[in-house]
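Reproduced below: target.txt, with compact mmCIF, C-alpha atoms.
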```txt
# COMPACT_ATOMS: atom_id res chain seq x y z
CA MET A 1 -10.53 -11.51 15.07
CA LYS A 2 -8.36 -10.73 18.09
CA ALA A 3 -4.62 -10.30 18.21
CA ARG A 4 -2.43 -10.07 21.26
CA VAL A 5 0.98 -8.41 21.13
CA HIS A 6 3.63 -8.72 23.84
CA VAL A 7 6.30 -6.04 23.91
CA MET A 8 9.23 -6.65 26.27
CA LEU A 9 12.60 -4.99 26.69
CA LYS A 10 15.32 -7.05 25.00
CA ASP A 11 17.48 -9.24 27.23
CA GLY A 12 20.38 -7.18 28.47
CA VAL A 13 18.49 -3.90 28.40
CA LEU A 14 18.14 -2.55 31.94
CA ASP A 15 14.55 -2.69 33.20
CA PRO A 16 14.23 -0.24 36.11
CA GLN A 17 10.46 -0.76 36.33
CA GLY A 18 10.88 -4.53 36.74
CA GLU A 19 13.68 -3.96 39.23
CA ALA A 20 11.41 -1.68 41.28
CA VAL A 21 8.71 -4.36 41.31
CA ARG A 22 11.25 -6.99 42.41
CA HIS A 23 12.40 -4.77 45.24
CA ALA A 24 8.83 -3.98 46.33
CA LEU A 25 7.94 -7.69 46.35
CA GLY A 26 10.96 -8.36 48.57
CA THR A 27 9.84 -5.61 50.94
CA LEU A 28 6.38 -7.22 51.12
CA GLY A 29 7.92 -10.54 52.19
CA PHE A 30 7.94 -12.44 48.89
CA ALA A 31 11.45 -13.83 49.21
CA GLY A 32 11.57 -16.26 46.30
CA VAL A 33 11.61 -13.74 43.46
CA GLN A 34 14.93 -13.70 41.62
CA GLY A 35 14.07 -11.41 38.76
CA VAL A 36 11.23 -9.38 37.28
CA ARG A 37 10.81 -8.01 33.76
CA GLN A 38 7.87 -5.79 32.95
CA GLY A 39 6.45 -5.19 29.51
CA LYS A 40 3.32 -4.24 27.66
CA VAL A 41 0.49 -6.33 26.30
CA ILE A 42 -1.72 -4.86 23.59
CA GLU A 43 -4.99 -6.52 22.56
CA LEU A 44 -6.34 -5.58 19.15
CA ASP A 45 -9.80 -6.17 17.71
CA LEU A 46 -9.37 -6.63 13.97
CA VAL A 47 -11.77 -6.71 11.04
CA GLY A 48 -11.44 -9.66 8.66
CA SER A 49 -10.92 -13.39 9.00
CA ASP A 50 -7.61 -14.13 7.25
CA LYS A 51 -5.23 -15.17 10.03
CA ALA A 52 -2.03 -14.88 7.99
CA ALA A 53 -2.93 -11.44 6.65
CA ALA A 54 -3.88 -10.27 10.15
CA GLU A 55 -0.58 -11.46 11.59
CA ALA A 56 1.37 -9.69 8.84
CA GLU A 57 -0.56 -6.48 9.46
CA VAL A 58 -0.03 -6.64 13.23
CA ARG A 59 3.71 -7.21 12.68
CA ALA A 60 3.77 -4.07 10.52
CA MET A 61 2.00 -2.17 13.34
CA CYS A 62 4.67 -3.38 15.77
CA GLU A 63 7.50 -2.23 13.52
CA LYS A 64 5.90 1.16 12.91
CA LEU A 65 4.34 2.04 16.24
CA LEU A 66 3.87 -0.51 18.97
CA ALA A 67 7.47 -1.48 19.69
CA ASN A 68 10.75 0.38 19.71
CA THR A 69 12.77 -2.33 17.99
CA VAL A 70 16.09 -0.83 19.07
CA ILE A 71 15.50 -1.87 22.67
CA GLU A 72 12.29 -3.91 22.60
CA LYS A 73 11.27 -7.30 21.21
CA TYR A 74 7.70 -8.25 20.38
CA SER A 75 5.63 -11.34 19.76
CA VAL A 76 2.29 -11.57 17.97
CA GLU A 77 -0.42 -14.10 18.74
CA ILE A 78 -3.70 -14.35 16.81
CA VAL A 79 -6.46 -15.62 19.11
CA MET B 80 10.43 -21.50 37.43
CA LYS B 81 8.93 -18.67 35.44
CA ALA B 82 5.55 -17.05 35.89
CA ARG B 83 3.83 -14.62 33.57
CA VAL B 84 1.16 -12.24 34.83
CA HIS B 85 -1.19 -10.27 32.58
CA VAL B 86 -2.82 -7.21 34.10
CA MET B 87 -5.56 -5.56 32.03
CA LEU B 88 -8.15 -2.93 32.81
CA LYS B 89 -11.53 -4.54 33.47
CA ASP B 90 -14.07 -4.47 30.65
CA GLY B 91 -16.01 -1.25 30.87
CA VAL B 92 -13.16 0.74 32.40
CA LEU B 93 -12.07 3.47 30.02
CA ASP B 94 -8.61 2.81 28.53
CA PRO B 95 -7.25 6.14 27.22
CA GLN B 96 -3.85 4.57 26.42
CA GLY B 97 -5.45 1.91 24.23
CA GLU B 98 -7.68 4.53 22.63
CA ALA B 99 -4.62 6.64 21.79
CA VAL B 100 -2.95 3.62 20.18
CA ARG B 101 -6.10 2.89 18.15
CA HIS B 102 -6.20 6.47 16.93
CA ALA B 103 -2.50 6.48 16.05
CA LEU B 104 -2.86 3.22 14.10
CA GLY B 105 -5.73 4.78 12.14
CA THR B 106 -3.55 7.79 11.36
CA LEU B 107 -0.81 5.47 10.08
CA GLY B 108 -3.24 3.84 7.66
CA PHE B 109 -4.19 0.67 9.55
CA ALA B 110 -7.90 0.88 8.91
CA GLY B 111 -9.05 -2.51 10.18
CA VAL B 112 -8.55 -1.89 13.89
CA GLN B 113 -11.81 -1.70 15.80
CA GLY B 114 -10.54 -1.55 19.33
CA VAL B 115 -7.34 -1.60 21.36
CA ARG B 116 -6.81 -2.38 25.03
CA GLN B 117 -3.38 -1.99 26.59
CA GLY B 118 -2.18 -3.69 29.72
CA LYS B 119 0.92 -4.87 31.52
CA VAL B 120 2.77 -8.15 31.38
CA ILE B 121 5.08 -9.05 34.24
CA GLU B 122 7.52 -11.96 34.00
CA LEU B 123 8.79 -13.35 37.29
CA ASP B 124 11.74 -15.68 37.92
CA LEU B 125 10.84 -17.76 40.94
CA VAL B 126 12.80 -20.08 43.23
CA GLY B 127 11.32 -23.54 43.83
CA SER B 128 9.65 -26.19 41.72
CA ASP B 129 6.12 -26.57 43.16
CA LYS B 130 3.78 -25.23 40.47
CA ALA B 131 0.69 -24.98 42.65
CA ALA B 132 2.54 -23.18 45.44
CA ALA B 133 4.12 -20.80 42.92
CA GLU B 134 0.77 -19.97 41.39
CA ALA B 135 -0.74 -19.28 44.81
CA GLU B 136 2.19 -17.03 45.71
CA VAL B 137 1.98 -15.10 42.44
CA ARG B 138 -1.77 -14.61 42.97
CA ALA B 139 -0.99 -13.15 46.40
CA MET B 140 1.55 -10.81 44.74
CA CYS B 141 -1.14 -9.67 42.29
CA GLU B 142 -3.63 -8.95 45.08
CA LYS B 143 -1.07 -7.06 47.15
CA LEU B 144 0.99 -5.21 44.57
CA LEU B 145 0.83 -6.05 40.89
CA ALA B 146 -2.82 -5.28 40.11
CA ASN B 147 -5.29 -2.71 41.32
CA THR B 148 -8.22 -5.09 41.64
CA VAL B 149 -10.75 -2.26 41.78
CA ILE B 150 -10.22 -1.49 38.10
CA GLU B 151 -7.87 -4.22 36.84
CA LYS B 152 -8.14 -7.96 36.23
CA TYR B 153 -5.18 -10.30 36.17
CA SER B 154 -4.31 -13.76 34.96
CA VAL B 155 -1.40 -15.93 36.08
CA GLU B 156 0.40 -18.46 33.93
CA ILE B 157 3.23 -20.70 35.18
CA VAL B 158 5.63 -21.48 32.32
```

Take the structure in the file and give it back as structure tokens.
Amino acid sequence: MKARVHVMLKDGVLDPQGEAVRHALGTLGFAGVQGVRQGKVIELDLVGSDKAAAEAEVRAMCEKLLANTVIEKYSVEIV
Amino acid sequence: MKARVHVMLKDGVLDPQGEAVRHALGTLGFAGVQGVRQGKVIELDLVGSDKAAAEAEVRAMCEKLLANTVIEKYSVEIV
């Protein structure tokens, strides 16, 4: 089974990496970009076939390792 | 309009960051993880309401700046 985790900075937390991308896009002539936020995506290959158990386990991984929940939010998708 | 871009290393390209995450998860006791790939997700706020035009523009951004197409693949989603 595969799981996909998105980790993004929480709204309101300054994102200098996204801001740098926005600025670079402007420099390259892409004028219609109002804002950019950059985050991480983590794809996991999991053993087992119980979707609910897998999602619970991946959420535990996020809390323990994958996300810094002080400044980051995460979402889990089982695919 | 919002666009979401996923940038992942191509299959077959070594992903040391993902490998480090896999190893760390094993150390923390998550035994059922067979593989991990880590990539970037970029969320863009765009001006305009033409979905097709937006997608074409975001693809151009990926080719020019957001992805290194030698080793990375990308997917674009208009949300």

In Å and to one decimal, CA of Asp90 (chain B) is distant from CA of Asn147 (chain B) by 13.9 Å

From CA of Val92 (chain B) to CA of Glu151 (chain B) the spacing works out at 8.5 Å

For the contact check between chain B and chain A, emit one row per residue of chain B within 9 Å, containing the shortest atom pair and the distance in Å rounded to one decimal, counting only C-alpha atoms, chain then rising number order, as JSON lines.
```
{"residue": "B:His85", "atom": "CA", "partner": "A:Val41", "partner_atom": "CA", "distance": 7.6}
{"residue": "B:Val86", "atom": "CA", "partner": "A:Val41", "partner_atom": "CA", "distance": 8.5}
{"residue": "B:Met87", "atom": "CA", "partner": "A:Val41", "partner_atom": "CA", "distance": 8.4}
{"residue": "B:Gly97", "atom": "CA", "partner": "A:Ile42", "partner_atom": "CA", "distance": 7.8}
{"residue": "B:Val100", "atom": "CA", "partner": "A:Leu66", "partner_atom": "CA", "distance": 8.1}
{"residue": "B:Arg101", "atom": "CA", "partner": "A:Leu44", "partner_atom": "CA", "distance": 8.5}
{"residue": "B:Ala103", "atom": "CA", "partner": "A:Leu65", "partner_atom": "CA", "distance": 8.2}
{"residue": "B:Leu104", "atom": "CA", "partner": "A:Met61", "partner_atom": "CA", "distance": 7.3}
{"residue": "B:Leu107", "atom": "CA", "partner": "A:Lys64", "partner_atom": "CA", "distance": 8.5}
{"residue": "B:Phe109", "atom": "CA", "partner": "A:Met61", "partner_atom": "CA", "distance": 7.8}
{"residue": "B:Ala110", "atom": "CA", "partner": "A:Val47", "partner_atom": "CA", "distance": 8.8}
{"residue": "B:Gly111", "atom": "CA", "partner": "A:Val47", "partner_atom": "CA", "distance": 5.1}
{"residue": "B:Val112", "atom": "CA", "partner": "A:Leu46", "partner_atom": "CA", "distance": 4.8}
{"residue": "B:Gln113", "atom": "CA", "partner": "A:Asp45", "partner_atom": "CA", "distance": 5.3}
{"residue": "B:Gly114", "atom": "CA", "partner": "A:Asp45", "partner_atom": "CA", "distance": 5.0}
{"residue": "B:Val115", "atom": "CA", "partner": "A:Leu44", "partner_atom": "CA", "distance": 4.7}
{"residue": "B:Arg116", "atom": "CA", "partner": "A:Glu43", "partner_atom": "CA", "distance": 5.2}
{"residue": "B:Gln117", "atom": "CA", "partner": "A:Ile42", "partner_atom": "CA", "distance": 4.5}
{"residue": "B:Gly118", "atom": "CA", "partner": "A:Val41", "partner_atom": "CA", "distance": 5.1}
{"residue": "B:Lys119", "atom": "CA", "partner": "A:Lys40", "partner_atom": "CA", "distance": 4.6}
{"residue": "B:Val120", "atom": "CA", "partner": "A:Gly39", "partner_atom": "CA", "distance": 5.1}
{"residue": "B:Ile121", "atom": "CA", "partner": "A:Gln38", "partner_atom": "CA", "distance": 4.5}
{"residue": "B:Glu122", "atom": "CA", "partner": "A:Arg37", "partner_atom": "CA", "distance": 5.1}
{"residue": "B:Leu123", "atom": "CA", "partner": "A:Val36", "partner_atom": "CA", "distance": 4.7}
{"residue": "B:Asp124", "atom": "CA", "partner": "A:Gly35", "partner_atom": "CA", "distance": 4.9}
{"residue": "B:Leu125", "atom": "CA", "partner": "A:Val33", "partner_atom": "CA", "distance": 4.8}
{"residue": "B:Val126", "atom": "CA", "partner": "A:Gly32", "partner_atom": "CA", "distance": 5.1}
{"residue": "B:Gly127", "atom": "CA", "partner": "A:Gly32", "partner_atom": "CA", "distance": 7.7}
{"residue": "B:Glu136", "atom": "CA", "partner": "A:Phe30", "partner_atom": "CA", "distance": 8.0}
{"residue": "B:Met140", "atom": "CA", "partner": "A:Leu25", "partner_atom": "CA", "distance": 7.3}
{"residue": "B:Lys143", "atom": "CA", "partner": "A:Leu28", "partner_atom": "CA", "distance": 8.4}
{"residue": "B:Leu144", "atom": "CA", "partner": "A:Leu25", "partner_atom": "CA", "distance": 7.6}
{"residue": "B:Leu145", "atom": "CA", "partner": "A:Val21", "partner_atom": "CA", "distance": 8.1}
```

Next on the checklist: To one decimal place in Å, what is the distance between CA of Glu142 (chain B) and CA of Glu19 (chain A)?
Outcome noted: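 CA of Glu142 (chain B) sits 18.9 Å away from CA of Glu19 (chain A).
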